[in-house]
Amino acid sequence: MPTGKLSVEGRAGAYSGEQVLRVVGTITLETVAVFQSAAQATESPSLIIDLTEVPYIDSAALGAFVQTYVSCQRAGRRLALAGLSHRVRGLLQITSLDHIFNTFATAAEAEKALA
């Protein structure tokens, strides 16, 4: 799977206390540090990771997602994943990680649910 640049853009969510990280590109061993830095810098009570423009992730990304989940749990924060492609959703299902994450079709749905 080709790798390239990864960008992560943060914005305030539609509701108070929400932060949305919009991720664009593939999250792989080569790019995972960009994602991790952005996720670790976020301290809002609710974090939504918008993966709408992420066609592919690898095991490094799965590890980063779990690390973000654990960090949020320890801090009493909520975490949601939104806009999962078929491939990303499939990888979460194969690894049984789909059971720990709240997932939503869109970031807007996640924002409303976490409000």
# chains A, B, ... in the order shown; residues from 1 in each chain; ligands from 1
call {"tool": "residues_around", "arguments": {"residues": "Val20 (chain A)", "least_positions_apart": "5", "cutoff": "7 Å", "atoms": "only C-alpha atoms", "output": "VMD selection string"}}
result
chain A and resid 10 to 13 47 to 50
call {"tool": "write_last_selection", "arguments": {"atoms": "N, CA, C and O atoms", "output": "JSON list (two decimals), in the first residue's frame"}}
result
[["chain", "number", "residue", "atom", "x", "y", "z"],
["A", 10, "GLY", "N", -6.84, 19.87, 13.43],
["A", 10, "GLY", "CA", -7.77, 19.93, 14.56],
["A", 10, "GLY", "C", -8.73, 21.08, 14.43],
["A", 10, "GLY", "O", -8.41, 22.12, 13.86],
["A", 11, "ARG", "N", -9.91, 20.87, 14.95],
["A", 11, "ARG", "CA", -10.92, 21.93, 15.00],
["A", 11, "ARG", "C", -11.83, 21.67, 16.19],
["A", 11, "ARG", "O", -11.95, 20.54, 16.68],
["A", 12, "ALA", "N", -12.47, 22.72, 16.65],
["A", 12, "ALA", "CA", -13.45, 22.55, 17.72],
["A", 12, "ALA", "C", -14.67, 21.83, 17.16],
["A", 12, "ALA", "O", -15.04, 22.01, 16.00],
["A", 13, "GLY", "N", -15.25, 20.98, 17.98],
["A", 13, "GLY", "CA", -16.46, 20.29, 17.58],
["A", 13, "GLY", "C", -17.66, 21.22, 17.62],
["A", 13, "GLY", "O", -17.56, 22.37, 18.05],
["A", 47, "LEU", "N", -12.90, 13.59, 22.23],
["A", 47, "LEU", "CA", -12.05, 13.59, 21.05],
["A", 47, "LEU", "C", -12.69, 12.73, 19.97],
["A", 47, "LEU", "O", -13.03, 11.57, 20.20],
["A", 48, "ILE", "N", -12.85, 13.32, 18.80],
["A", 48, "ILE", "CA", -13.41, 12.62, 17.65],
["A", 48, "ILE", "C", -12.33, 12.58, 16.57],
["A", 48, "ILE", "O", -11.79, 13.62, 16.19],
["A", 49, "ILE", "N", -11.99, 11.39, 16.13],
["A", 49, "ILE", "CA", -11.00, 11.24, 15.08],
["A", 49, "ILE", "C", -11.75, 10.94, 13.78],
["A", 49, "ILE", "O", -12.37, 9.89, 13.63],
["A", 50, "ASP", "N", -11.71, 11.91, 12.88],
["A", 50, "ASP", "CA", -12.42, 11.80, 11.60],
["A", 50, "ASP", "C", -11.49, 11.14, 10.58],
["A", 50, "ASP", "O", -10.52, 11.74, 10.13]]
call {"tool": "residues_around", "arguments": {"residues": "Gly83 (chain A)", "least_positions_apart": "5", "cutoff": "12 Å", "atoms": "only C-alpha atoms", "output": "number ranges by chain"}}
result
A: 21-24, 48-55, 88-89, 102-110
call {"tool": "atom_distance", "arguments": {"atom1": "CA of Gly17 (chain A)", "atom2": "CA of Phe35 (chain A)"}}
result
20.4 Å
call {"tool": "closest_residue", "arguments": {"among": "A:Leu97, A:Ile27, A:Leu91, A:Val34", "to": "Val8 (chain A)", "atoms": "only C-alpha atoms"}}
result
A:Val34
call {"tool": "residues_around", "arguments": {"residues": "Val66 (chain A)", "least_positions_apart": "5", "cutoff": "10 Å", "atoms": "only C-alpha atoms", "output": "PDB file with N, CA and C atoms, in the first residue's frame"}}
result
ATOM      1  N   ALA A  60       0.771  -0.238  12.903  1.00  0.00           N
ATOM      2  CA  ALA A  60       1.273   0.905  13.680  1.00  0.00           C
ATOM      3  C   ALA A  60       0.124   1.858  14.023  1.00  0.00           C
ATOM      4  N   ALA A  61      -0.770   2.044  13.089  1.00  0.00           N
ATOM      5  CA  ALA A  61      -1.936   2.894  13.333  1.00  0.00           C
ATOM      6  C   ALA A  61      -2.844   2.267  14.381  1.00  0.00           C
ATOM      7  N   SER A  71      -5.137   6.431  26.768  1.00  0.00           N
ATOM      8  CA  SER A  71      -4.890   7.777  27.293  1.00  0.00           C
ATOM      9  C   SER A  71      -6.203   8.483  27.635  1.00  0.00           C
ATOM     10  N   CYS A  72      -7.166   8.380  26.745  1.00  0.00           N
ATOM     11  CA  CYS A  72      -8.473   9.011  26.989  1.00  0.00           C
ATOM     12  C   CYS A  72      -9.170   8.362  28.184  1.00  0.00           C
ATOM     13  N   LEU A  97     -10.748  -5.006  17.653  1.00  0.00           N
ATOM     14  CA  LEU A  97     -10.679  -3.688  18.282  1.00  0.00           C
ATOM     15  C   LEU A  97     -11.956  -2.881  18.054  1.00  0.00           C
ATOM     16  N   ILE A 100     -13.957  -1.965  21.239  1.00  0.00           N
ATOM     17  CA  ILE A 100     -13.580  -0.962  22.245  1.00  0.00           C
ATOM     18  C   ILE A 100     -13.840   0.471  21.788  1.00  0.00           C
ATOM     19  N   PHE A 101     -13.959   0.666  20.484  1.00  0.00           N
ATOM     20  CA  PHE A 101     -14.138   2.021  19.970  1.00  0.00           C
ATOM     21  C   PHE A 101     -15.604   2.323  19.667  1.00  0.00           C
TER      22      PHE A 101
END
call {"tool": "select_by_dssp", "arguments": {"residues": "region 8-74 of chain A", "states": "helix (DSSP H, G or I)", "output": "list of chain:residue names"}}
result
A:Val32, A:Ala33, A:Val34, A:Phe35, A:Gln36, A:Ser37, A:Ala38, A:Ala39, A:Gln40, A:Ala41, A:Ser59, A:Ala60, A:Ala61, A:Leu62, A:Gly63, A:Ala64, A:Phe65, A:Val66, A:Gln67, A:Thr68, A:Tyr69, A:Val70, A:Ser71, A:Cys72, A:Gln73, A:Arg74
call {"tool": "closest_residue", "arguments": {"among": "A:Gln19, A:Ser7, A:Ser46, A:Thr95", "to": "Asp58 (chain A)", "atoms": "only C-alpha atoms"}}
result
A:Thr95
call {"tool": "atom_distance", "arguments": {"atom1": "CA of Leu92 (chain A)", "atom2": "CA of Ala39 (chain A)"}}
result
18.6 Å
call {"tool": "select_by_dssp", "arguments": {"residues": "region 61-101 of chain A", "states": "strand (DSSP E or B)", "output": "list in words"}}
result
Arg78, Leu79, Ala80, Leu81 and Ala82 of chain A
call {"tool": "write_last_selection", "arguments": {"atoms": "N, CA, C and O atoms", "output": "PDB file, in the first residue's frame"}}
result
ATOM      1  N   ARG A  78     -13.735  11.077  26.515  1.00  0.00           N
ATOM      2  CA  ARG A  78     -14.437  10.217  25.567  1.00  0.00           C
ATOM      3  C   ARG A  78     -13.730  10.257  24.215  1.00  0.00           C
ATOM      4  O   ARG A  78     -13.197  11.291  23.823  1.00  0.00           O
ATOM      5  N   LEU A  79     -13.767   9.136  23.510  1.00  0.00           N
ATOM      6  CA  LEU A  79     -13.127   9.011  22.207  1.00  0.00           C
ATOM      7  C   LEU A  79     -14.083   8.355  21.230  1.00  0.00           C
ATOM      8  O   LEU A  79     -14.785   7.398  21.584  1.00  0.00           O
ATOM      9  N   ALA A  80     -14.107   8.858  20.011  1.00  0.00           N
ATOM     10  CA  ALA A  80     -14.911   8.252  18.950  1.00  0.00           C
ATOM     11  C   ALA A  80     -14.127   8.289  17.648  1.00  0.00           C
ATOM     12  O   ALA A  80     -13.352   9.215  17.403  1.00  0.00           O
ATOM     13  N   LEU A  81     -14.346   7.278  16.825  1.00  0.00           N
ATOM     14  CA  LEU A  81     -13.793   7.229  15.476  1.00  0.00           C
ATOM     15  C   LEU A  81     -14.945   7.438  14.504  1.00  0.00           C
ATOM     16  O   LEU A  81     -16.017   6.862  14.683  1.00  0.00           O
ATOM     17  N   ALA A  82     -14.711   8.222  13.472  1.00  0.00           N
ATOM     18  CA  ALA A  82     -15.780   8.523  12.516  1.00  0.00           C
ATOM     19  C   ALA A  82     -15.274   8.367  11.087  1.00  0.00           C
ATOM     20  O   ALA A  82     -14.087   8.550  10.812  1.00  0.00           O
TER      21      ALA A  82
END
call {"tool": "atom_distance", "arguments": {"atom1": "CA of Val32 (chain A)", "atom2": "CA of Gly76 (chain A)"}}
result
23.9 Å
